[in-house]
Every structure is written in structure tokens, then in C-alpha cells.
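Asks: Here you go, upload-v8.tsv (TSV, C-alpha atoms):
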```tsv
chain	number	residue	atom	x	y	z
H	1	MET	CA	95.38	104.79	95.34
H	2	GLY	CA	91.95	106.26	96.14
H	3	VAL	CA	93.23	108.70	98.75
H	4	GLN	CA	96.24	109.63	96.60
H	5	GLY	CA	94.06	110.24	93.54
H	6	ARG	CA	91.61	112.31	95.53
H	7	LEU	CA	94.36	114.48	97.00
H	8	GLN	CA	95.98	114.98	93.60
H	9	GLN	CA	92.63	115.90	92.03
H	10	ASN	CA	91.39	118.20	94.78
H	11	VAL	CA	94.67	119.71	96.01
H	12	GLY	CA	97.45	119.06	93.49
H	13	GLN	CA	95.58	120.13	90.37
H	14	LEU	CA	94.06	123.13	92.13
H	15	MET	CA	97.38	124.33	93.59
H	16	SER	CA	99.14	123.81	90.25
H	17	ALA	CA	96.49	126.00	88.59
H	18	VAL	CA	96.85	128.66	91.30
H	19	CYS	CA	100.65	128.68	90.89
H	20	ALA	CA	100.30	128.95	87.10
H	21	SER	CA	97.84	131.84	87.33
H	22	MET	CA	100.18	133.71	89.68
H	23	ASN	CA	103.26	132.98	87.53
H	24	ILE	CA	104.83	130.88	90.28
H	25	GLY	CA	106.97	128.24	88.63
H	26	MET	CA	105.75	125.26	90.65
H	27	ARG	CA	103.40	122.37	90.00
H	28	PHE	CA	102.12	119.50	92.12
H	29	ALA	CA	102.24	115.97	90.77
H	30	ASP	CA	102.03	112.31	91.61
H	31	TYR	CA	105.70	111.45	92.09
H	32	LYS	CA	105.42	108.28	90.04
H	33	ALA	CA	104.28	110.36	87.06
H	34	THR	CA	107.34	112.63	87.22
H	35	GLY	CA	109.82	109.90	86.33
H	36	GLY	CA	112.03	111.20	89.12
H	37	PRO	CA	114.68	109.07	90.80
H	38	ARG	CA	113.78	106.82	93.69
H	39	ILE	CA	114.46	108.20	97.14
H	40	GLY	CA	115.88	105.43	99.26
H	41	ASN	CA	114.08	102.21	98.40
H	42	LYS	CA	110.65	103.82	97.85
H	43	THR	CA	109.04	106.78	96.18
H	44	PRO	CA	106.96	109.49	97.89
H	45	ASP	CA	103.31	109.87	96.94
H	46	MET	CA	103.17	113.51	95.88
H	47	VAL	CA	105.68	116.24	95.13
H	48	CYS	CA	105.87	119.87	94.22
H	49	LEU	CA	108.29	120.57	91.39
H	50	THR	CA	109.83	123.83	90.24
H	51	ALA	CA	109.62	124.91	86.59
H	52	THR	CA	112.99	123.24	85.99
H	53	GLY	CA	111.77	119.93	87.46
H	54	SER	CA	113.63	120.20	90.78
H	55	LEU	CA	111.94	118.83	93.88
H	56	ARG	CA	110.65	121.51	96.25
H	57	ILE	CA	108.18	119.68	98.51
H	58	ILE	CA	107.66	115.97	99.22
H	59	GLY	CA	104.33	114.58	100.37
H	60	GLU	CA	103.29	111.31	101.95
H	61	ILE	CA	99.66	110.21	101.93
H	62	LYS	CA	98.35	107.67	104.42
H	63	THR	CA	94.99	105.92	104.45
H	64	PRO	CA	92.64	107.48	107.04
H	65	TRP	CA	90.90	104.23	107.97
H	66	ILE	CA	94.04	102.79	109.60
H	67	GLY	CA	93.99	103.82	113.28
H	68	VAL	CA	97.74	104.47	113.62
H	69	HIS	CA	97.51	106.98	110.73
H	70	ASP	CA	95.28	109.32	112.75
H	71	ILE	CA	97.45	112.46	112.63
H	72	ASP	CA	95.35	114.52	115.04
H	73	LYS	CA	95.17	111.76	117.67
H	74	ALA	CA	98.91	111.00	117.45
H	75	TYR	CA	99.71	114.71	117.70
H	76	LYS	CA	97.56	115.19	120.79
H	77	TYR	CA	98.11	111.99	122.73
H	78	GLY	CA	101.14	110.04	121.67
H	79	ARG	CA	104.59	111.54	121.25
H	80	HIS	CA	106.03	108.14	120.27
H	81	LYS	CA	103.12	107.47	117.87
H	82	PHE	CA	103.50	110.93	116.35
H	83	ARG	CA	107.23	110.44	115.74
H	84	HIS	CA	106.57	107.03	114.23
H	85	LEU	CA	103.92	108.50	111.92
H	86	LEU	CA	106.38	111.14	110.66
H	87	GLY	CA	109.23	108.68	110.14
H	88	GLN	CA	108.72	107.87	106.46
H	89	ILE	CA	108.19	111.42	105.22
H	90	VAL	CA	111.10	112.73	107.30
H	91	GLU	CA	113.33	110.00	105.85
H	92	TYR	CA	112.32	111.07	102.32
H	93	MET	CA	113.07	114.70	103.17
H	94	MET	CA	116.50	113.83	104.55
H	95	LEU	CA	117.47	111.50	101.68
H	96	ALA	CA	116.37	113.97	99.02
H	97	ASP	CA	117.81	116.95	100.94
H	98	ILE	CA	114.43	118.71	100.80
H	99	ARG	CA	113.43	121.25	103.45
H	100	TYR	CA	109.64	121.05	103.02
H	101	GLY	CA	107.17	118.20	103.29
H	102	PHE	CA	103.66	117.26	104.25
H	103	LEU	CA	101.80	114.27	105.58
H	104	SER	CA	98.12	113.80	104.78
H	105	THR	CA	95.31	111.34	105.26
H	106	TYR	CA	93.01	113.66	103.31
H	107	LYS	CA	91.08	113.89	106.59
H	108	ASP	CA	94.02	115.68	108.25
H	109	MET	CA	97.23	117.26	107.02
H	110	ILE	CA	100.43	118.40	108.69
H	111	PHE	CA	103.20	120.49	107.14
H	112	LEU	CA	106.90	119.97	107.86
H	113	ARG	CA	110.03	122.09	107.51
H	114	GLN	CA	113.64	121.29	108.29
H	115	ILE	CA	115.77	124.19	109.49
H	116	GLU	CA	119.31	124.50	110.76
H	117	LEU	CA	119.42	125.80	114.33
H	118	ASN	CA	122.72	126.28	116.14
H	119	GLY	CA	124.49	123.89	113.78
H	120	SER	CA	121.89	121.11	114.07
H	121	TRP	CA	118.97	120.19	111.85
H	122	VAL	CA	115.59	120.61	113.51
H	123	LEU	CA	112.18	119.48	112.26
H	124	GLN	CA	109.35	121.97	112.62
H	125	TYR	CA	105.74	120.93	112.09
H	126	SER	CA	102.36	122.55	111.96
H	127	ARG	CA	99.39	121.55	114.02
H	128	PRO	CA	97.13	119.10	112.21
H	129	ILE	CA	94.76	120.83	109.82
H	130	LYS	CA	91.39	119.21	109.28
H	131	GLY	CA	90.31	118.54	105.71
H	132	SER	CA	86.98	120.15	106.59
H	133	THR	CA	88.65	123.46	107.58
H	134	ALA	CA	87.37	126.39	105.54
H	135	ALA	CA	89.90	128.90	104.22
```
Now, as a test, write the supplied structure out as C-alpha cells.
Replies:
Amino acid sequence: MGVQGRLQQNVGQLMSAVCASMNIGMRFADYKATGGPRIGNKTPDMVCLTATGSLRIIGEIKTPWIGVHDIDKAYKYGRHKFRHLLGQIVEYMMLADIRYGFLSTYKDMIFLRQIELNGSWVLQYSRPIKGSTAA
């Protein structure tokens, strides 16, 4: 819960305030606090909701001290490890029929988007972004 709480405090609350100040009808929240339905047999860690309460983005937060959760290392050196790391968040996105997602360890973050390309669904992903990156 420490990593999830930290991300919600330092990213979710900040982004919700930014959206509110710009009249963008979205807010970030701990999924468990939304009272939303379960997705599969689990619930994601963080979500972005529209003003009407619809899911827009699903987030999964992993602990950074577990070696297999190292997003940057898996991205650079291990195609199989990288796919395995993305498995849970991609499953949530597919089950909830959501196009956007993210995976974070607070140390690193990667953004995901599902698009339809030539009649097939394709997953696009960003390069890992370090938590220490300045805007």
C-alpha cells in the first residue's frame, strides 16, 4: 500500500487538481475507493474516471524492490520479461474494454494504449519514464 498511496498522493491528487483547474472532467482515484465493479477476479490499483464515473484509464502499481518489476530493465533486456510484466495491466484493459493504461513502480512508469490496426488490436507502449525525470 505504501507505493500505491505515494502515487495517489503525488500523482493522482495533483493530476485531479490540474484537470479540475482546466475544466477537464476527469479525476484520478484509488480504484477500491470508487466502488467500481471488479475486473476479472481482481481490481486495478488506480484509475482515471470521467465526470460521469466512467473508466478512462486503468493503472497497475508494482513494488520497485522486487527485481522482476524493474520496468526499465525488462524493457531493455528481456522481451519475455517485459511481456510478463505487462500481462496483468493488459488483461485489465482488455476485460474492461479500456484503451489506455499505465504501469508504475513509482521509480519508473510506462504508458499503454490499445489501437485497432488492420482489423487487429495492437498494444502500443511508451519507453519507461524515470520518476526522477523533470518536466
Asks: Excluding Ile98 (chain H) and its own-chain neighbours fewer than 3 positions away, which residues fall within 7 Å of it when counting all atoms listed in the file? Please give them as JSON, numbers by chain.
Replies: {"H": [56, 57, 93, 94]}
Asks: What is the distance, in Å and to one decimal place, between CA of Ser126 (chain H) and CA of Phe102 (chain H)?
Replies: 9.4 Å
Asks: What is the CA of Ile110 (chain H) to CA of Gly87 (chain H) distance in Å?
Replies: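 Computing it gives 13.2 Å between the two atoms.
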Asks: Report the distance between CA of Asp108 (chain H) and CA of Ala74 (chain H) in Å, rounded to one decimal place.
Replies: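 A separation of 11.4 Å between them.
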Asks: Which one is closest to His69 (chain H): H:Thr133, H:Asn118, H:Ser21, H:Ser104? Count all atoms listed in the file.
Replies: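 Looking only at the distances to His69 (chain H), the closest residue turns out to be H:Ser104.
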Asks: Excluding Ile58 (chain H) and residues on its chain fewer than 5 positions from it, collect all residues at most 10 Å away from it, counting all atoms listed in the file, and give them as number ranges by chain.
Replies: H: 28, 31, 43-49, 89-90, 92-93, 96, 98-103, 112
Asks: Hey, can you spit out that residue selection with C-alpha atoms as an mmCIF file, keeping the file's coordinate frame?
Replies:
```
data_model
loop_
_atom_site.group_PDB
_atom_site.id
_atom_site.type_symbol
_atom_site.label_atom_id
_atom_site.label_comp_id
_atom_site.auth_asym_id
_atom_site.auth_seq_id
_atom_site.Cartn_x
_atom_site.Cartn_y
_atom_site.Cartn_z
ATOM 1 C CA PHE H 28 102.120 119.500 92.120
ATOM 2 C CA TYR H 31 105.700 111.450 92.090
ATOM 3 C CA THR H 43 109.040 106.780 96.180
ATOM 4 C CA PRO H 44 106.960 109.490 97.890
ATOM 5 C CA ASP H 45 103.310 109.870 96.940
ATOM 6 C CA MET H 46 103.170 113.510 95.880
ATOM 7 C CA VAL H 47 105.680 116.240 95.130
ATOM 8 C CA CYS H 48 105.870 119.870 94.220
ATOM 9 C CA LEU H 49 108.290 120.570 91.390
ATOM 10 C CA ILE H 89 108.190 111.420 105.220
ATOM 11 C CA VAL H 90 111.100 112.730 107.300
ATOM 12 C CA TYR H 92 112.320 111.070 102.320
ATOM 13 C CA MET H 93 113.070 114.700 103.170
ATOM 14 C CA ALA H 96 116.370 113.970 99.020
ATOM 15 C CA ILE H 98 114.430 118.710 100.800
ATOM 16 C CA ARG H 99 113.430 121.250 103.450
ATOM 17 C CA TYR H 100 109.640 121.050 103.020
ATOM 18 C CA GLY H 101 107.170 118.200 103.290
ATOM 19 C CA PHE H 102 103.660 117.260 104.250
ATOM 20 C CA LEU H 103 101.800 114.270 105.580
ATOM 21 C CA LEU H 112 106.900 119.970 107.860
#
```
Asks: Restricting the calculation to all atoms listed in the file: of H:Leu95, H:Ile24, H:Ala17, H:Ile71, which residue gets closest to Met109 (chain H)?
Replies: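 With all atoms listed in the file as the atom set, the closest residue is H:Ile71.
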Asks: Can I get region 94-105 of chain H with all heavy atoms filled in, as an mmCIF file, in the coordinates of the input?
Replies:
```cif
data_model
loop_
_atom_site.group_PDB
_atom_site.id
_atom_site.type_symbol
_atom_site.label_atom_id
_atom_site.label_comp_id
_atom_site.auth_asym_id
_atom_site.auth_seq_id
_atom_site.Cartn_x
_atom_site.Cartn_y
_atom_site.Cartn_z
ATOM 1 N N MET H 94 115.058 113.880 104.278
ATOM 2 C CA MET H 94 116.500 113.830 104.550
ATOM 3 C C MET H 94 117.262 113.247 103.353
ATOM 4 O O MET H 94 118.274 113.797 102.938
ATOM 5 C CB MET H 94 116.764 113.023 105.819
ATOM 6 C CG MET H 94 116.295 113.736 107.075
ATOM 7 S SD MET H 94 116.422 112.731 108.563
ATOM 8 C CE MET H 94 118.175 112.428 108.635
ATOM 9 N N LEU H 95 116.779 112.134 102.805
ATOM 10 C CA LEU H 95 117.470 111.500 101.680
ATOM 11 C C LEU H 95 117.509 112.376 100.438
ATOM 12 O O LEU H 95 118.493 112.391 99.704
ATOM 13 C CB LEU H 95 116.802 110.160 101.340
ATOM 14 C CG LEU H 95 117.004 109.026 102.344
ATOM 15 C CD1 LEU H 95 116.122 107.848 101.994
ATOM 16 C CD2 LEU H 95 118.467 108.604 102.411
ATOM 17 N N ALA H 96 116.441 113.117 100.207
ATOM 18 C CA ALA H 96 116.370 113.970 99.020
ATOM 19 C C ALA H 96 116.918 115.377 99.283
ATOM 20 O O ALA H 96 116.982 116.185 98.376
ATOM 21 C CB ALA H 96 114.920 114.076 98.547
ATOM 22 N N ASP H 97 117.297 115.640 100.540
ATOM 23 C CA ASP H 97 117.810 116.950 100.940
ATOM 24 C C ASP H 97 116.788 118.041 100.610
ATOM 25 O O ASP H 97 117.093 119.043 99.976
ATOM 26 C CB ASP H 97 119.156 117.235 100.273
ATOM 27 C CG ASP H 97 119.892 118.383 100.949
ATOM 28 O OD1 ASP H 97 119.631 118.642 102.140
ATOM 29 O OD2 ASP H 97 120.722 119.029 100.280
ATOM 30 N N ILE H 98 115.543 117.796 101.022
ATOM 31 C CA ILE H 98 114.430 118.710 100.800
ATOM 32 C C ILE H 98 114.002 119.295 102.145
ATOM 33 O O ILE H 98 113.857 118.565 103.123
ATOM 34 C CB ILE H 98 113.221 117.967 100.167
ATOM 35 C CG1 ILE H 98 113.611 117.347 98.837
ATOM 36 C CG2 ILE H 98 112.015 118.884 100.013
ATOM 37 C CD1 ILE H 98 113.950 118.332 97.755
ATOM 38 N N ARG H 99 113.793 120.589 102.193
ATOM 39 C CA ARG H 99 113.430 121.250 103.450
ATOM 40 C C ARG H 99 111.943 121.159 103.793
ATOM 41 O O ARG H 99 111.571 121.281 104.948
ATOM 42 C CB ARG H 99 113.812 122.724 103.393
ATOM 43 C CG ARG H 99 115.314 122.927 103.424
ATOM 44 C CD ARG H 99 115.679 124.374 103.523
ATOM 45 N NE ARG H 99 115.057 124.971 104.680
ATOM 46 C CZ ARG H 99 114.874 126.279 104.840
ATOM 47 N NH1 ARG H 99 115.259 127.110 103.912
ATOM 48 N NH2 ARG H 99 114.301 126.755 105.918
ATOM 49 N N TYR H 100 111.078 120.972 102.789
ATOM 50 C CA TYR H 100 109.640 121.050 103.020
ATOM 51 C C TYR H 100 108.944 119.730 102.705
ATOM 52 O O TYR H 100 109.284 119.058 101.734
ATOM 53 C CB TYR H 100 109.020 122.158 102.163
ATOM 54 C CG TYR H 100 109.640 123.501 102.416
ATOM 55 C CD1 TYR H 100 110.602 124.014 101.561
ATOM 56 C CD2 TYR H 100 109.279 124.244 103.536
ATOM 57 C CE1 TYR H 100 111.187 125.248 101.804
ATOM 58 C CE2 TYR H 100 109.860 125.471 103.787
ATOM 59 C CZ TYR H 100 110.814 125.969 102.920
ATOM 60 O OH TYR H 100 111.400 127.185 103.165
ATOM 61 N N GLY H 101 107.941 119.408 103.518
ATOM 62 C CA GLY H 101 107.170 118.200 103.290
ATOM 63 C C GLY H 101 105.791 118.311 103.903
ATOM 64 O O GLY H 101 105.482 119.265 104.624
ATOM 65 N N PHE H 102 104.976 117.332 103.610
ATOM 66 C CA PHE H 102 103.660 117.260 104.250
ATOM 67 C C PHE H 102 103.245 115.815 104.380
ATOM 68 O O PHE H 102 103.698 114.943 103.647
ATOM 69 C CB PHE H 102 102.600 118.077 103.493
ATOM 70 C CG PHE H 102 102.245 117.537 102.141
ATOM 71 C CD1 PHE H 102 101.237 116.587 102.001
ATOM 72 C CD2 PHE H 102 102.892 117.989 101.004
ATOM 73 C CE1 PHE H 102 100.899 116.099 100.748
ATOM 74 C CE2 PHE H 102 102.559 117.512 99.751
ATOM 75 C CZ PHE H 102 101.564 116.556 99.623
ATOM 76 N N LEU H 103 102.386 115.573 105.340
ATOM 77 C CA LEU H 103 101.800 114.270 105.580
ATOM 78 C C LEU H 103 100.295 114.468 105.607
ATOM 79 O O LEU H 103 99.800 115.378 106.271
ATOM 80 C CB LEU H 103 102.284 113.693 106.912
ATOM 81 C CG LEU H 103 101.658 112.390 107.371
ATOM 82 C CD1 LEU H 103 102.059 111.241 106.447
ATOM 83 C CD2 LEU H 103 102.071 112.078 108.795
ATOM 84 N N SER H 104 99.573 113.637 104.868
ATOM 85 C CA SER H 104 98.120 113.800 104.780
ATOM 86 C C SER H 104 97.415 112.455 104.806
ATOM 87 O O SER H 104 97.949 111.460 104.331
ATOM 88 C CB SER H 104 97.748 114.531 103.492
ATOM 89 O OG SER H 104 96.348 114.665 103.392
ATOM 90 N N THR H 105 96.227 112.469 105.372
ATOM 91 C CA THR H 105 95.310 111.340 105.260
ATOM 92 C C THR H 105 94.069 111.787 104.487
ATOM 93 O O THR H 105 93.097 111.073 104.425
ATOM 94 C CB THR H 105 94.857 110.825 106.637
ATOM 95 O OG1 THR H 105 94.169 111.878 107.316
ATOM 96 C CG2 THR H 105 96.017 110.305 107.448
#
```
